[in-house]
Amino acid sequence: MLSKRVLNLKESGTLKAMIKAKELQAKGIKVIQLDVGEPDFPTPINIIKAAEKAMEEGFTHYTPSLGIPELREAIANKLREENKIDVSKDNIIITPGSKQAIFYAVMALIDEGDEVIIPTPAWSSYMEIVTLAGGKVREVPENNDFSLNIEKIKEVITERTKLIIINSPNNPTGHVMDIKEIRELCELVLDSNLFVLSDEIYEKLIYEGQHVSIASLPNMEERTITINGFSKTYAMTGWRLGYVVAPKNLISAMNKIQQHTATCATSFAQIAAIEALKPHTPIMPMIEEFKRRRDYICKALEKLSFKFVKPKGAFYVFPEIPIDNMNSNEFCDLLLEKYGVSVTPGTAFGNYNKHIRISYANSMENIEEAMKRIEMFINEIR
Ligand SMILES: Cc1ncc(COP(=O)(O)O)c(C=O)c1O
């Protein structure tokens with residue numbers, strides 16, 4: 001009865017972990033969730049006020065499907081100034097969330113049987129969106145430090161390869177690509193005539209290193225689809241607001257898909273996003289707090305002999321579990337059942353059955369308590 005398309009889809013591994021945790025909470029068990037990928041901070045008040053004002057002034061109807069020109073203009077200014085991408089508002093479409101933006105981009109570019117390279121570990125929605133579009137996923141494991149393995153990527157390129165998806169700062173590893181890594185990728189992309197989908201949603205959440213947008217490198221603008229959104233930087237996950245930056249023909253194609261599906265992004269959320277982009281929006285305290293939590297978690301993991309690469313950005317760490325005869329699914333299930341701590345198994349991000357993803361988008365108090373419980377759990381099973 002169901003379409004083959006949907007039968008091929010897997011459930012979201014990250015959401016699955018979250019649902020299990022919520023079920024236990026519903027039974028009255030206190031679970032500390034280090035599974036979720038959303039900031040625990042409230043949306044800054046200036047953004048909320050801007051949305052309230054927009055609603056009061058009657059800005060509650062459809063907008064142009066590309067998004068309101070003022071927001072597209074504000075994003076183009078930001079991209080020119082901060083990301084050094086030379087674009088105008090005609091290169092931008094506003095979408096209900098960046099996940100939807102990725103869906104449009106893949107639908108606009110990928111035909112049945114086209115191949116898409118996804119370096120892993122990776123956020124599983126990339127794989128599922130490519131599958132939904134009829135494309136073939138080619139997972140390529142990253143180096144041990146979670147940088148791209150360019151040689152391995154070269155090996156899987158065929159005449160059907162059309163796209164490579166990158167994500168820096170990265171979910172789940174926290175890896176931030178440096179300029180050398182990006183240059184190597186550009187060379188490969190230009191030589192092999194590929195497109196890059198660059199998911200930059202965590203661009204502001206960087207604690208060491210610097211964000212470089214691949215579209216800012218020579219000749220890359222025509223080859224790059226940059227994805228970004230308001231969920232993570234501005235704690236606006238529920239507002240559902242993202243955007244795509246791409247060559248105009250791709251934006252027109254995505255606009256057609258948006259016209260026949262979502263119509264447009266929420267009107268008053270778009271007005272609020274113009275406010276969010278202003279320099280007085282207080283995002284620095286959130287970034288500093290994430291850094292403090294990262295440092296705490298890394299110290300605690302070291303003490304427990306977890307092997308991990310210190311994340312430079314986003315709000316995740318992706319350690320290997322320090323127990324020989326246990327895989328990540330068993331580890332996560334037992335940790336949740338016995339100690340009420342929910343983390344996501346590495347298998348949600350590719351073939352990583354010894355890793356777990358810990359999100360530090362939770363209060364310091366909860367993180368401290370969770371790390372104590374993880375310590376007790378490790379001591380019990382070691
Ligand atoms: C790498 C990455 N891209 C995109 C998204 C989706 O963000 P949005 O809320 O804008 O759809 C997430 C959310 O977890 C993410 O981790």
# chains A, B, ... in the order shown; residues from 1 in each chain; ligands from 1
>>> residues_near_ligand(ligand="ligand 1", cutoff="8 Å", atoms="only C-alpha atoms and all ligand atoms", output="ChimeraX atom specification")
/A:37-38,96-102,122-123,167,170-172,199-202,228-232,236-238,240-242
>>> residues_around(residues="Pro42 of chain A", least_positions_apart="4", cutoff="10 Å", atoms="only C-alpha atoms", output="number ranges by chain")
A: 48, 234-236
>>> write_last_selection(atoms="N, CA, C and O atoms", output="PDB file, in the first residue's frame")
ATOM      1  N   ILE A  48      11.668  37.925  19.570  1.00  0.00           N
ATOM      2  CA  ILE A  48      10.266  37.653  19.934  1.00  0.00           C
ATOM      3  C   ILE A  48       9.422  38.923  19.769  1.00  0.00           C
ATOM      4  O   ILE A  48       8.329  38.889  19.183  1.00  0.00           O
ATOM      5  N   TYR A 234      20.344  31.266  16.788  1.00  0.00           N
ATOM      6  CA  TYR A 234      19.425  32.176  17.494  1.00  0.00           C
ATOM      7  C   TYR A 234      18.414  31.431  18.375  1.00  0.00           C
ATOM      8  O   TYR A 234      17.415  32.025  18.784  1.00  0.00           O
ATOM      9  N   ALA A 235      18.669  30.152  18.625  1.00  0.00           N
ATOM     10  CA  ALA A 235      17.754  29.335  19.438  1.00  0.00           C
ATOM     11  C   ALA A 235      16.321  29.474  18.919  1.00  0.00           C
ATOM     12  O   ALA A 235      15.391  29.785  19.656  1.00  0.00           O
ATOM     13  N   MET A 236      16.155  29.239  17.621  1.00  0.00           N
ATOM     14  CA  MET A 236      14.848  29.436  16.974  1.00  0.00           C
ATOM     15  C   MET A 236      14.351  28.150  16.297  1.00  0.00           C
ATOM     16  O   MET A 236      13.713  28.213  15.237  1.00  0.00           O
TER      17      MET A 236
END
>>> select_by_dssp(residues="segment 229-380 of chain A", states="strand (DSSP E)", output="PDB file with N, CA, C and O atoms, in the first residue's frame")
ATOM      1  N   GLY A 229      20.458  28.601   8.431  1.00  0.00           N
ATOM      2  CA  GLY A 229      19.155  28.783   9.061  1.00  0.00           C
ATOM      3  C   GLY A 229      19.287  29.441  10.412  1.00  0.00           C
ATOM      4  O   GLY A 229      20.394  29.735  10.868  1.00  0.00           O
ATOM      5  N   GLY A 242      14.870  28.667   7.504  1.00  0.00           N
ATOM      6  CA  GLY A 242      16.192  28.420   6.938  1.00  0.00           C
ATOM      7  C   GLY A 242      16.311  29.123   5.602  1.00  0.00           C
ATOM      8  O   GLY A 242      15.376  29.812   5.174  1.00  0.00           O
ATOM      9  N   TYR A 243      17.452  28.966   4.945  1.00  0.00           N
ATOM     10  CA  TYR A 243      17.592  29.545   3.609  1.00  0.00           C
ATOM     11  C   TYR A 243      18.635  28.813   2.777  1.00  0.00           C
ATOM     12  O   TYR A 243      19.480  28.098   3.313  1.00  0.00           O
ATOM     13  N   VAL A 244      18.527  29.008   1.478  1.00  0.00           N
ATOM     14  CA  VAL A 244      19.487  28.435   0.531  1.00  0.00           C
ATOM     15  C   VAL A 244      20.122  29.581  -0.238  1.00  0.00           C
ATOM     16  O   VAL A 244      19.442  30.533  -0.614  1.00  0.00           O
ATOM     17  N   VAL A 245      21.414  29.463  -0.474  1.00  0.00           N
ATOM     18  CA  VAL A 245      22.140  30.404  -1.331  1.00  0.00           C
ATOM     19  C   VAL A 245      22.689  29.578  -2.479  1.00  0.00           C
ATOM     20  O   VAL A 245      23.400  28.593  -2.242  1.00  0.00           O
ATOM     21  N   TYR A 316      28.225  19.215  19.934  1.00  0.00           N
ATOM     22  CA  TYR A 316      28.266  17.755  20.076  1.00  0.00           C
ATOM     23  C   TYR A 316      29.702  17.294  20.263  1.00  0.00           C
ATOM     24  O   TYR A 316      30.635  17.934  19.785  1.00  0.00           O
ATOM     25  N   VAL A 317      29.824  16.124  20.921  1.00  0.00           N
ATOM     26  CA  VAL A 317      31.106  15.424  20.929  1.00  0.00           C
ATOM     27  C   VAL A 317      30.798  13.973  20.571  1.00  0.00           C
ATOM     28  O   VAL A 317      29.716  13.467  20.880  1.00  0.00           O
ATOM     29  N   VAL A 341      20.156   8.485  31.416  1.00  0.00           N
ATOM     30  CA  VAL A 341      20.842   9.477  30.579  1.00  0.00           C
ATOM     31  C   VAL A 341      20.661   9.061  29.121  1.00  0.00           C
ATOM     32  O   VAL A 341      20.936   7.911  28.766  1.00  0.00           O
ATOM     33  N   SER A 342      20.185   9.988  28.308  1.00  0.00           N
ATOM     34  CA  SER A 342      19.919   9.654  26.914  1.00  0.00           C
ATOM     35  C   SER A 342      20.967  10.298  26.002  1.00  0.00           C
ATOM     36  O   SER A 342      21.112  11.522  25.975  1.00  0.00           O
ATOM     37  N   THR A 344      22.896   9.570  21.864  1.00  0.00           N
ATOM     38  CA  THR A 344      22.506   8.958  20.585  1.00  0.00           C
ATOM     39  C   THR A 344      23.583   7.979  20.118  1.00  0.00           C
ATOM     40  O   THR A 344      24.773   8.321  20.131  1.00  0.00           O
ATOM     41  N   PRO A 345      23.178   6.762  19.701  1.00  0.00           N
ATOM     42  CA  PRO A 345      24.198   5.811  19.226  1.00  0.00           C
ATOM     43  C   PRO A 345      24.854   6.275  17.923  1.00  0.00           C
ATOM     44  O   PRO A 345      24.208   6.905  17.082  1.00  0.00           O
ATOM     45  N   ILE A 356      29.317   7.191  20.355  1.00  0.00           N
ATOM     46  CA  ILE A 356      28.043   7.795  20.757  1.00  0.00           C
ATOM     47  C   ILE A 356      28.136   9.304  20.496  1.00  0.00           C
ATOM     48  O   ILE A 356      29.242   9.858  20.461  1.00  0.00           O
ATOM     49  N   ARG A 357      26.974   9.921  20.284  1.00  0.00           N
ATOM     50  CA  ARG A 357      26.978  11.386  20.183  1.00  0.00           C
ATOM     51  C   ARG A 357      26.393  11.955  21.463  1.00  0.00           C
ATOM     52  O   ARG A 357      25.285  11.616  21.859  1.00  0.00           O
ATOM     53  N   ILE A 358      27.169  12.819  22.098  1.00  0.00           N
ATOM     54  CA  ILE A 358      26.678  13.525  23.286  1.00  0.00           C
ATOM     55  C   ILE A 358      26.442  14.977  22.880  1.00  0.00           C
ATOM     56  O   ILE A 358      27.338  15.633  22.344  1.00  0.00           O
ATOM     57  N   SER A 359      25.222  15.449  23.108  1.00  0.00           N
ATOM     58  CA  SER A 359      24.916  16.854  22.829  1.00  0.00           C
ATOM     59  C   SER A 359      25.073  17.643  24.123  1.00  0.00           C
ATOM     60  O   SER A 359      24.621  17.205  25.174  1.00  0.00           O
TER      61      SER A 359
END
>>> closest_residue(among="A:Glu70, A:Glu82, A:Glu56, A:Glu139", to="Glu155 of chain A", atoms="only C-alpha atoms")
A:Glu139
>>> closest_residue(among="A:Ser216, A:Asn83, A:Asn193, A:Thr95", to="Ala273 of chain A", atoms="only C-alpha atoms")
A:Thr95
>>> atom_distance(atom1="atom CA of Ile166 of chain A", atom2="atom CA of Ser252 of chain A")
22.8 Å
